[in-house]
$ cat model-v8.txt   # compact mmCIF, C-alpha atoms and all ligand atoms
# COMPACT_ATOMS: atom_id res chain seq x y z
CA MET A 549 0.00 0.00 0.00
CA SER A 550 2.96 2.30 0.36
CA THR A 551 3.63 2.32 -3.39
CA GLN A 552 2.83 5.73 -4.82
CA THR A 553 2.66 6.98 -8.34
CA VAL A 554 4.27 10.38 -8.46
CA THR A 555 4.78 12.44 -11.53
CA THR A 556 5.96 15.96 -12.21
CA ASP A 557 3.18 18.51 -12.54
CA SER A 558 4.06 21.00 -15.25
CA THR A 559 1.93 23.73 -13.60
CA SER A 560 3.78 23.70 -10.26
CA THR A 561 7.14 22.81 -8.83
CA GLY A 562 5.84 20.01 -6.57
CA PRO A 563 5.11 16.41 -7.48
CA ALA A 564 1.54 15.73 -8.59
CA PHE A 565 -0.49 12.84 -7.26
CA VAL A 566 -1.70 10.26 -9.78
CA PRO A 567 -4.13 7.75 -8.28
CA GLY A 568 -3.43 4.79 -10.61
CA PRO A 569 -6.36 2.53 -11.51
CA VAL A 570 -9.62 3.67 -9.88
CA LEU A 571 -13.12 2.15 -9.92
CA LEU A 572 -15.99 4.62 -9.53
CA LEU A 573 -19.00 2.67 -8.29
CA GLY A 574 -22.61 3.65 -7.64
CA ALA A 575 -26.17 3.57 -8.93
CA PRO A 576 -27.24 5.22 -12.23
CA GLY A 577 -27.14 8.99 -11.81
CA VAL A 578 -24.92 9.27 -8.71
CA GLY A 579 -22.49 11.37 -10.77
CA LYS A 580 -19.88 8.80 -11.80
CA GLY A 581 -19.58 10.25 -15.30
CA THR A 582 -19.37 13.87 -14.13
CA GLN A 583 -16.80 13.05 -11.46
CA ALA A 584 -14.79 10.80 -13.78
CA GLN A 585 -14.50 13.63 -16.32
CA ILE A 586 -13.21 16.03 -13.64
CA LEU A 587 -10.75 13.47 -12.23
CA MET A 588 -9.53 12.73 -15.76
CA ALA A 589 -8.70 16.42 -16.26
CA HIS A 590 -7.07 16.74 -12.81
CA PHE A 591 -4.91 13.64 -13.00
CA GLY A 592 -4.29 13.28 -16.74
CA ILE A 593 -5.55 9.69 -16.85
CA PRO A 594 -8.45 8.53 -19.05
CA GLN A 595 -12.07 8.02 -18.04
CA ILE A 596 -13.16 4.61 -19.29
CA SER A 597 -16.96 4.43 -19.29
CA THR A 598 -18.43 1.11 -20.41
CA GLY A 599 -21.73 2.91 -21.10
CA ASP A 600 -19.92 5.35 -23.45
CA LEU A 601 -18.00 2.51 -25.13
CA LEU A 602 -21.25 0.60 -25.71
CA ARG A 603 -23.00 3.74 -27.04
CA SER A 604 -20.08 4.19 -29.44
CA HIS A 605 -20.50 0.57 -30.64
CA ARG A 606 -24.22 1.23 -31.01
CA SER A 607 -23.75 4.30 -33.19
CA ARG A 608 -21.18 2.45 -35.34
CA ARG A 609 -23.67 -0.45 -35.66
CA THR A 610 -21.04 -3.06 -34.73
CA GLU A 611 -22.22 -6.58 -33.84
CA LEU A 612 -21.78 -5.75 -30.15
CA GLY A 613 -23.55 -2.42 -30.62
CA VAL A 614 -26.61 -3.97 -32.24
CA LEU A 615 -26.93 -6.52 -29.42
CA ALA A 616 -26.29 -3.92 -26.71
CA ASP A 617 -28.86 -1.52 -28.17
CA GLU A 618 -31.85 -3.66 -27.28
CA LEU A 619 -30.58 -4.57 -23.81
CA MET A 620 -29.74 -0.93 -22.99
CA GLN A 621 -33.19 0.21 -24.07
CA GLN A 622 -34.68 -2.28 -21.63
CA GLY A 623 -32.44 -1.20 -18.75
CA LYS A 624 -30.74 -4.62 -18.80
CA LEU A 625 -27.04 -5.40 -18.66
CA VAL A 626 -24.94 -6.51 -21.62
CA PRO A 627 -23.49 -10.04 -21.00
CA ASP A 628 -20.33 -10.10 -18.89
CA GLU A 629 -18.15 -11.85 -21.44
CA LEU A 630 -18.78 -9.20 -24.12
CA VAL A 631 -18.24 -6.27 -21.76
CA ASN A 632 -15.10 -7.88 -20.28
CA GLN A 633 -13.57 -8.30 -23.75
CA MET A 634 -14.37 -4.69 -24.58
CA VAL A 635 -12.76 -3.50 -21.32
CA ALA A 636 -9.67 -5.70 -21.85
CA ALA A 637 -9.10 -4.07 -25.25
CA ARG A 638 -9.52 -0.57 -23.82
CA LEU A 639 -7.21 -1.17 -20.83
CA ALA A 640 -4.51 -2.36 -23.25
CA GLU A 641 -4.38 1.06 -24.94
CA ALA A 642 -1.30 3.18 -24.28
CA ASP A 643 -3.07 5.99 -22.42
CA ALA A 644 -4.17 3.60 -19.64
CA VAL A 645 -0.63 2.74 -18.52
CA ARG A 646 -0.43 5.33 -15.70
CA GLY A 647 -3.96 4.61 -14.48
CA TYR A 648 -7.58 5.21 -15.41
CA ILE A 649 -10.98 5.95 -13.96
CA LEU A 650 -13.31 3.03 -14.70
CA ASP A 651 -16.85 4.35 -14.73
CA GLY A 652 -19.74 1.87 -14.78
CA PHE A 653 -17.59 -1.27 -14.57
CA PRO A 654 -17.65 -3.78 -12.91
CA ARG A 655 -21.42 -4.03 -12.63
CA THR A 656 -21.74 -7.72 -11.68
CA LEU A 657 -19.79 -10.04 -9.40
CA GLY A 658 -18.75 -11.94 -12.55
CA GLN A 659 -17.21 -8.77 -14.02
CA ALA A 660 -15.50 -8.01 -10.68
CA ALA A 661 -13.98 -11.52 -10.52
CA TRP A 662 -12.80 -11.18 -14.13
CA LEU A 663 -11.26 -7.76 -13.45
CA ASP A 664 -9.48 -8.98 -10.30
CA SER A 665 -7.84 -11.85 -12.17
CA HIS A 666 -7.15 -9.75 -15.29
CA LEU A 667 -5.31 -7.16 -13.19
CA ASP A 668 -3.49 -9.83 -11.12
CA SER A 669 -2.01 -11.21 -14.32
CA ARG A 670 -0.23 -7.93 -15.10
CA SER A 671 3.24 -6.89 -13.96
CA ALA A 672 3.72 -7.04 -10.18
CA ALA A 673 4.81 -3.40 -10.24
CA ALA A 674 1.34 -2.23 -11.33
CA LEU A 675 -0.72 -0.54 -8.61
CA PRO A 676 -3.78 -2.45 -7.34
CA VAL A 677 -7.15 -0.88 -8.09
CA VAL A 678 -8.89 1.22 -5.47
CA ALA A 679 -12.68 1.66 -5.41
CA VAL A 680 -14.79 4.69 -4.49
CA SER A 681 -18.54 4.28 -4.19
CA ILE A 682 -20.77 7.38 -4.56
CA THR A 683 -24.12 7.27 -2.74
CA VAL A 684 -27.23 9.40 -3.42
CA PRO A 685 -30.87 8.87 -2.23
CA TYR A 686 -33.31 7.32 -4.74
CA GLU A 687 -35.59 10.39 -5.10
CA VAL A 688 -32.62 12.61 -5.94
CA LEU A 689 -31.43 10.10 -8.52
CA LEU A 690 -34.83 10.05 -10.18
CA ARG A 691 -34.74 13.83 -10.76
CA ARG A 692 -31.13 13.71 -11.86
CA ILE A 693 -31.74 10.97 -14.41
CA THR A 694 -35.05 12.08 -15.87
CA GLY A 695 -33.82 15.72 -16.02
CA ARG A 696 -30.45 14.85 -17.58
CA ARG A 697 -29.65 16.29 -21.02
CA SER A 698 -26.29 16.31 -22.81
CA CYS A 699 -24.65 18.06 -25.71
CA PRO A 700 -23.93 15.65 -28.59
CA VAL A 701 -20.95 17.79 -29.65
CA CYS A 702 -18.97 18.68 -26.49
CA LYS A 703 -20.61 16.16 -24.08
CA SER A 704 -21.47 18.88 -21.51
CA ILE A 705 -24.13 17.62 -19.11
CA TYR A 706 -27.14 19.69 -17.98
CA ASN A 707 -30.24 19.03 -15.86
CA VAL A 708 -33.58 20.68 -16.59
CA PHE A 709 -34.36 20.82 -12.82
CA THR A 710 -31.03 21.61 -11.19
CA HIS A 711 -28.60 22.84 -13.86
CA PRO A 712 -30.51 24.06 -16.93
CA SER A 713 -28.78 25.47 -19.99
CA LYS A 714 -29.20 29.25 -20.52
CA ALA A 715 -31.42 28.77 -23.58
CA ALA A 716 -33.87 25.89 -23.08
CA GLY A 717 -32.76 22.79 -24.96
CA LEU A 718 -29.51 24.28 -26.32
CA CYS A 719 -25.91 23.78 -25.22
CA ASP A 720 -24.32 26.89 -23.66
CA VAL A 721 -20.99 26.14 -25.36
CA GLU A 722 -21.95 24.75 -28.77
CA GLY A 723 -25.53 25.95 -29.25
CA ALA A 724 -26.32 22.38 -30.32
CA ALA A 725 -29.72 20.85 -29.51
CA LEU A 726 -29.41 18.93 -26.23
CA GLU A 727 -30.28 15.24 -26.20
CA GLN A 728 -31.94 12.97 -23.67
CA ARG A 729 -30.74 9.38 -23.48
CA ALA A 730 -33.49 6.92 -24.39
CA ASP A 731 -32.78 4.99 -21.17
CA ASP A 732 -33.14 8.12 -18.99
CA ILE A 733 -36.94 8.03 -19.03
CA GLU A 734 -38.62 7.13 -15.71
CA GLU A 735 -39.77 3.63 -16.65
CA VAL A 736 -36.31 2.52 -17.81
CA PHE A 737 -34.71 4.26 -14.82
CA ALA A 738 -36.80 2.11 -12.46
CA LYS A 739 -35.59 -1.01 -14.27
CA ARG A 740 -31.98 0.14 -14.17
CA MET A 741 -32.30 0.71 -10.40
CA ARG A 742 -33.68 -2.82 -9.92
CA THR A 743 -30.78 -4.18 -11.95
CA PHE A 744 -28.41 -2.14 -9.78
CA ASP A 745 -29.91 -3.47 -6.51
CA GLU A 746 -29.83 -7.08 -7.69
CA LEU A 747 -26.53 -7.26 -9.56
CA THR A 748 -24.33 -4.25 -8.82
CA ALA A 749 -24.90 -3.61 -5.09
CA PRO A 750 -23.09 -6.94 -4.35
CA VAL A 751 -20.08 -5.62 -6.31
CA ILE A 752 -19.82 -2.74 -3.84
CA GLY A 753 -19.88 -5.31 -1.02
CA HIS A 754 -17.10 -7.23 -2.79
CA TYR A 755 -14.73 -4.22 -2.85
CA ARG A 756 -15.76 -3.08 0.64
CA ALA A 757 -14.74 -6.53 1.95
CA GLN A 758 -11.38 -6.31 0.14
CA GLY A 759 -10.40 -2.99 1.78
CA ARG A 760 -9.03 -0.41 -0.70
CA PHE A 761 -12.56 1.02 -0.66
CA GLU A 762 -14.19 4.30 0.43
CA GLU A 763 -17.73 5.67 0.24
CA VAL A 764 -18.52 9.31 -0.62
CA ASP A 765 -21.81 11.20 -0.16
CA GLY A 766 -22.74 12.32 -3.69
CA ASP A 767 -25.75 14.45 -2.72
CA ARG A 768 -23.72 17.68 -2.49
CA ALA A 769 -22.19 20.25 -4.82
CA VAL A 770 -20.11 18.68 -7.60
CA GLU A 771 -16.88 20.31 -6.42
CA THR A 772 -17.43 19.17 -2.81
CA VAL A 773 -17.91 15.60 -3.99
CA THR A 774 -14.77 15.87 -6.16
CA ALA A 775 -12.73 17.13 -3.18
CA ASP A 776 -13.97 14.21 -1.08
CA ILE A 777 -13.15 11.68 -3.80
CA GLU A 778 -9.65 13.10 -4.22
CA ALA A 779 -9.07 13.00 -0.45
CA ALA A 780 -10.33 9.40 -0.39
CA LEU A 781 -7.97 8.45 -3.24
CA LYS A 782 -4.99 9.94 -1.39
CA ARG A 783 -5.92 8.02 1.76
CA LEU A 784 -6.39 4.84 -0.25
CA ARG A 785 -2.91 5.23 -1.75
CA GLY A 786 -1.50 5.90 1.72
CA ARG A 787 -0.61 9.52 0.99
CA VAL A 788 -2.76 11.82 3.13
P1 LIG B 801 -24.34 3.84 -18.17
O1 LIG B 801 -24.04 4.90 -19.18
O2 LIG B 801 -23.11 3.47 -17.35
O3 LIG B 801 -25.52 4.18 -17.29
O4 LIG B 801 -24.72 2.52 -18.98
C1 LIG B 801 -25.84 2.49 -19.86
C2 LIG B 801 -26.23 1.06 -20.15
O5 LIG B 801 -25.14 0.38 -20.80
C3 LIG B 801 -26.55 0.20 -18.94
O6 LIG B 801 -27.89 0.37 -18.49
C4 LIG B 801 -26.30 -1.20 -19.50
O7 LIG B 801 -27.35 -1.61 -20.35
C5 LIG B 801 -25.07 -0.98 -20.37
N1 LIG B 801 -23.82 -1.15 -19.58
C6 LIG B 801 -22.93 -0.17 -19.21
N2 LIG B 801 -21.92 -0.68 -18.50
C7 LIG B 801 -22.16 -2.01 -18.41
C8 LIG B 801 -21.49 -3.08 -17.77
N3 LIG B 801 -20.37 -2.89 -17.06
N4 LIG B 801 -22.04 -4.33 -17.88
C9 LIG B 801 -23.15 -4.55 -18.58
N5 LIG B 801 -23.85 -3.58 -19.19
C10 LIG B 801 -23.37 -2.30 -19.11

$ encode --input "model-v8.txt" --output "structure tokens" --more "lines below"
Ligand code: AMP
Amino acid sequence: MSTQTVTTDSTSTGPAFVPGPVLLLGAPGVGKGTQAQILMAHFGIPQISTGDLLRSHRSRRTELGVLADELMQQGKLVPDELVNQMVAARLAEADAVRGYILDGFPRTLGQAAWLDSHLDSRSAAALPVVAVSITVPYEVLLRRITGRRSCPVCKSIYNVFTHPSKAAGLCDVEGAALEQRADDIEEVFAKRMRTFDELTAPVIGHYRAQGRFEEVDGDRAVETVTADIEAALKRLRGRV
């Protein structure tokens, strides 16, 4: 646990902290994507979102994308083996060497077991993963998810209830028409929450039992949550 990844920060004279491989866990809408994007910018390591990777397959109409499309629309999970293969390919890319923020994976105990053994098979010098779970009450999640809109061009995220764009339906940066994900409607949200309770909540228990795990209250301002996650990551890497 004493191993630290330290790199030189070009904006200051001191060493900058890089957290290595990180799992961001939590129910749909807790803010994993928002936080992962901020952490990516702070630490210079990529956000790897299995939801984004699957949506990219879907828009390219790959075999995986066509299969995933129907399951995603129903709020169901894509089979472990397919998602694991997709993650293995992404983790092998050069930008993931110093670490990454995995967002939305693992989502089942099968995926967690696969990831544990996949990472164990790498070089002994590689840092172990640490996991941070973000928690938010159900009612808050419902508003967050059903109000969520995003810009198809710059990926900025808005919420019609809590963080509306200046002009209704248009991105503040790009002026592009904002989009709502098909699986962000209330009915599909309820199904995704059931899937989370049945299949993903045990994954959180798995990492909690392993140590290298912290929980953060996500029902606060974005920057407060980010500060808590960063403090948790420093504790988890033994560098308070
Ligand atoms: P997300 O953007 O993370 O909310 O994911 C959107 C949808 O993609 C989910 O409801 C699932 O249908 C699918 N998906 C994303 N990540 C996974 C995963 N790790 N395992 C299986 N299905 C996933």

$ atom_distance --input "model-v8.txt" --atom1 "atom C1 of ligand LIG 801 (chain B)" --atom2 "CA of Ala724 in chain A"
22.5 Å

$ closest_residue --input "model-v8.txt" --among "A:Tyr755, A:Phe591, A:Phe709, A:Phe744" --to "ligand LIG 801 (chain B)" --atoms "all atoms listed in the file"
A:Phe744

$ closest_residue --input "model-v8.txt" --among "A:Ser607, A:Gln728, A:Ser669, A:Gln659" --to "ligand LIG 801 (chain B)" --atoms "only C-alpha atoms and all ligand atoms"
A:Gln659

$ closest_atom_pairs --input "model-v8.txt" --of "chain A" --to "ligand LIG 801 (chain B)" --cutoff "8 Å" --atoms "all atoms listed in the file" --output "JSON lines"
{"residue": "A:Pro576", "atom": "CA", "partner": "B:LIG801", "partner_atom": "O3", "distance": 5.4}
{"residue": "A:Gly577", "atom": "CA", "partner": "B:LIG801", "partner_atom": "O3", "distance": 7.5}
{"residue": "A:Gly581", "atom": "CA", "partner": "B:LIG801", "partner_atom": "O2", "distance": 7.9}
{"residue": "A:Ser597", "atom": "CA", "partner": "B:LIG801", "partner_atom": "O2", "distance": 6.5}
{"residue": "A:Thr598", "atom": "CA", "partner": "B:LIG801", "partner_atom": "N2", "distance": 4.4}
{"residue": "A:Gly599", "atom": "CA", "partner": "B:LIG801", "partner_atom": "O1", "distance": 3.6}
{"residue": "A:Asp600", "atom": "CA", "partner": "B:LIG801", "partner_atom": "O1", "distance": 6.0}
{"residue": "A:Leu602", "atom": "CA", "partner": "B:LIG801", "partner_atom": "O5", "distance": 6.3}
{"residue": "A:Arg603", "atom": "CA", "partner": "B:LIG801", "partner_atom": "O5", "distance": 7.4}
{"residue": "A:Ala616", "atom": "CA", "partner": "B:LIG801", "partner_atom": "O7", "distance": 6.8}
{"residue": "A:Asp617", "atom": "CA", "partner": "B:LIG801", "partner_atom": "O7", "distance": 8.0}
{"residue": "A:Leu619", "atom": "CA", "partner": "B:LIG801", "partner_atom": "O7", "distance": 5.6}
{"residue": "A:Met620", "atom": "CA", "partner": "B:LIG801", "partner_atom": "O7", "distance": 3.6}
{"residue": "A:Gln621", "atom": "CA", "partner": "B:LIG801", "partner_atom": "O7", "distance": 7.2}
{"residue": "A:Gln622", "atom": "CA", "partner": "B:LIG801", "partner_atom": "O7", "distance": 7.5}
{"residue": "A:Gly623", "atom": "CA", "partner": "B:LIG801", "partner_atom": "O6", "distance": 4.8}
{"residue": "A:Lys624", "atom": "CA", "partner": "B:LIG801", "partner_atom": "O7", "distance": 4.8}
{"residue": "A:Leu625", "atom": "CA", "partner": "B:LIG801", "partner_atom": "N5", "distance": 3.7}
{"residue": "A:Val626", "atom": "CA", "partner": "B:LIG801", "partner_atom": "N5", "distance": 4.0}
{"residue": "A:Pro627", "atom": "CA", "partner": "B:LIG801", "partner_atom": "C9", "distance": 6.0}
{"residue": "A:Asp628", "atom": "CA", "partner": "B:LIG801", "partner_atom": "N4", "distance": 6.1}
{"residue": "A:Val631", "atom": "CA", "partner": "B:LIG801", "partner_atom": "N4", "distance": 5.8}
{"residue": "A:Asn632", "atom": "CA", "partner": "B:LIG801", "partner_atom": "N3", "distance": 7.9}
{"residue": "A:Asp651", "atom": "CA", "partner": "B:LIG801", "partner_atom": "O2", "distance": 6.8}
{"residue": "A:Gly652", "atom": "CA", "partner": "B:LIG801", "partner_atom": "O2", "distance": 4.5}
{"residue": "A:Phe653", "atom": "CA", "partner": "B:LIG801", "partner_atom": "N3", "distance": 4.1}
{"residue": "A:Pro654", "atom": "CA", "partner": "B:LIG801", "partner_atom": "N3", "distance": 5.0}
{"residue": "A:Arg655", "atom": "CA", "partner": "B:LIG801", "partner_atom": "N3", "distance": 4.7}
{"residue": "A:Thr656", "atom": "CA", "partner": "B:LIG801", "partner_atom": "N4", "distance": 7.1}
{"residue": "A:Gln659", "atom": "CA", "partner": "B:LIG801", "partner_atom": "N3", "distance": 7.3}
{"residue": "A:Asp731", "atom": "CA", "partner": "B:LIG801", "partner_atom": "O6", "distance": 7.2}
{"residue": "A:Arg740", "atom": "CA", "partner": "B:LIG801", "partner_atom": "O6", "distance": 6.0}

$ write_last_selection --input "model-v8.txt" --atoms "C-alpha atoms" --output "CSV table (one decimal), in the coordinates of the input"
chain,number,residue,atom,x,y,z
A,576,PRO,CA,-27.2,5.2,-12.2
A,577,GLY,CA,-27.1,9.0,-11.8
A,581,GLY,CA,-19.6,10.2,-15.3
A,597,SER,CA,-17.0,4.4,-19.3
A,598,THR,CA,-18.4,1.1,-20.4
A,599,GLY,CA,-21.7,2.9,-21.1
A,600,ASP,CA,-19.9,5.4,-23.4
A,602,LEU,CA,-21.2,0.6,-25.7
A,603,ARG,CA,-23.0,3.7,-27.0
A,616,ALA,CA,-26.3,-3.9,-26.7
A,617,ASP,CA,-28.9,-1.5,-28.2
A,619,LEU,CA,-30.6,-4.6,-23.8
A,620,MET,CA,-29.7,-0.9,-23.0
A,621,GLN,CA,-33.2,0.2,-24.1
A,622,GLN,CA,-34.7,-2.3,-21.6
A,623,GLY,CA,-32.4,-1.2,-18.8
A,624,LYS,CA,-30.7,-4.6,-18.8
A,625,LEU,CA,-27.0,-5.4,-18.7
A,626,VAL,CA,-24.9,-6.5,-21.6
A,627,PRO,CA,-23.5,-10.0,-21.0
A,628,ASP,CA,-20.3,-10.1,-18.9
A,631,VAL,CA,-18.2,-6.3,-21.8
A,632,ASN,CA,-15.1,-7.9,-20.3
A,651,ASP,CA,-16.8,4.4,-14.7
A,652,GLY,CA,-19.7,1.9,-14.8
A,653,PHE,CA,-17.6,-1.3,-14.6
A,654,PRO,CA,-17.6,-3.8,-12.9
A,655,ARG,CA,-21.4,-4.0,-12.6
A,656,THR,CA,-21.7,-7.7,-11.7
A,659,GLN,CA,-17.2,-8.8,-14.0
A,731,ASP,CA,-32.8,5.0,-21.2
A,740,ARG,CA,-32.0,0.1,-14.2

$ residues_around --input "model-v8.txt" --residues "range 759-776 of chain A" --least-positions-apart "5" --cutoff "10 Å" --atoms "all atoms listed in the file" --output "MDAnalysis selection string"
chainID A and resid 549 571:574 577:580 582:584 586:587 676:685 688:689 752:754 781:785

$ closest_residue --input "model-v8.txt" --among "A:Lys739, A:His605, A:Arg691, A:Arg646" --to "Gly592 in chain A" --atoms "only C-alpha atoms"
A:Arg646

$ closest_residue --input "model-v8.txt" --among "A:Leu675, A:Ile693, A:Ala730, A:Leu663" --to "Val751 in chain A" --atoms "only C-alpha atoms"
A:Leu663

$ atom_distance --input "model-v8.txt" --atom1 "CA of Met588 in chain A" --atom2 "CA of Val701 in chain A"
18.7 Å

$ residues_around --input "model-v8.txt" --residues "Cys702 in chain A" --least-positions-apart "5" --cutoff "9 Å" --atoms "all atoms listed in the file" --output "list of chain:residue names"
A:Cys719, A:Val721, A:Glu722

$ closest_residue --input "model-v8.txt" --among "A:Ala575, A:Ala725, A:Val645, A:Met634" --to "Leu747 in chain A" --atoms "all atoms listed in the file"
A:Ala575

$ closest_residue --input "model-v8.txt" --among "A:Gln595, A:Gln633, A:Ser665, A:Thr694" --to "Ala738 in chain A" --atoms "only C-alpha atoms"
A:Thr694

$ atom_distance --input "model-v8.txt" --atom1 "CA of Leu615 in chain A" --atom2 "CA of Arg697 in chain A"
24.5 Å
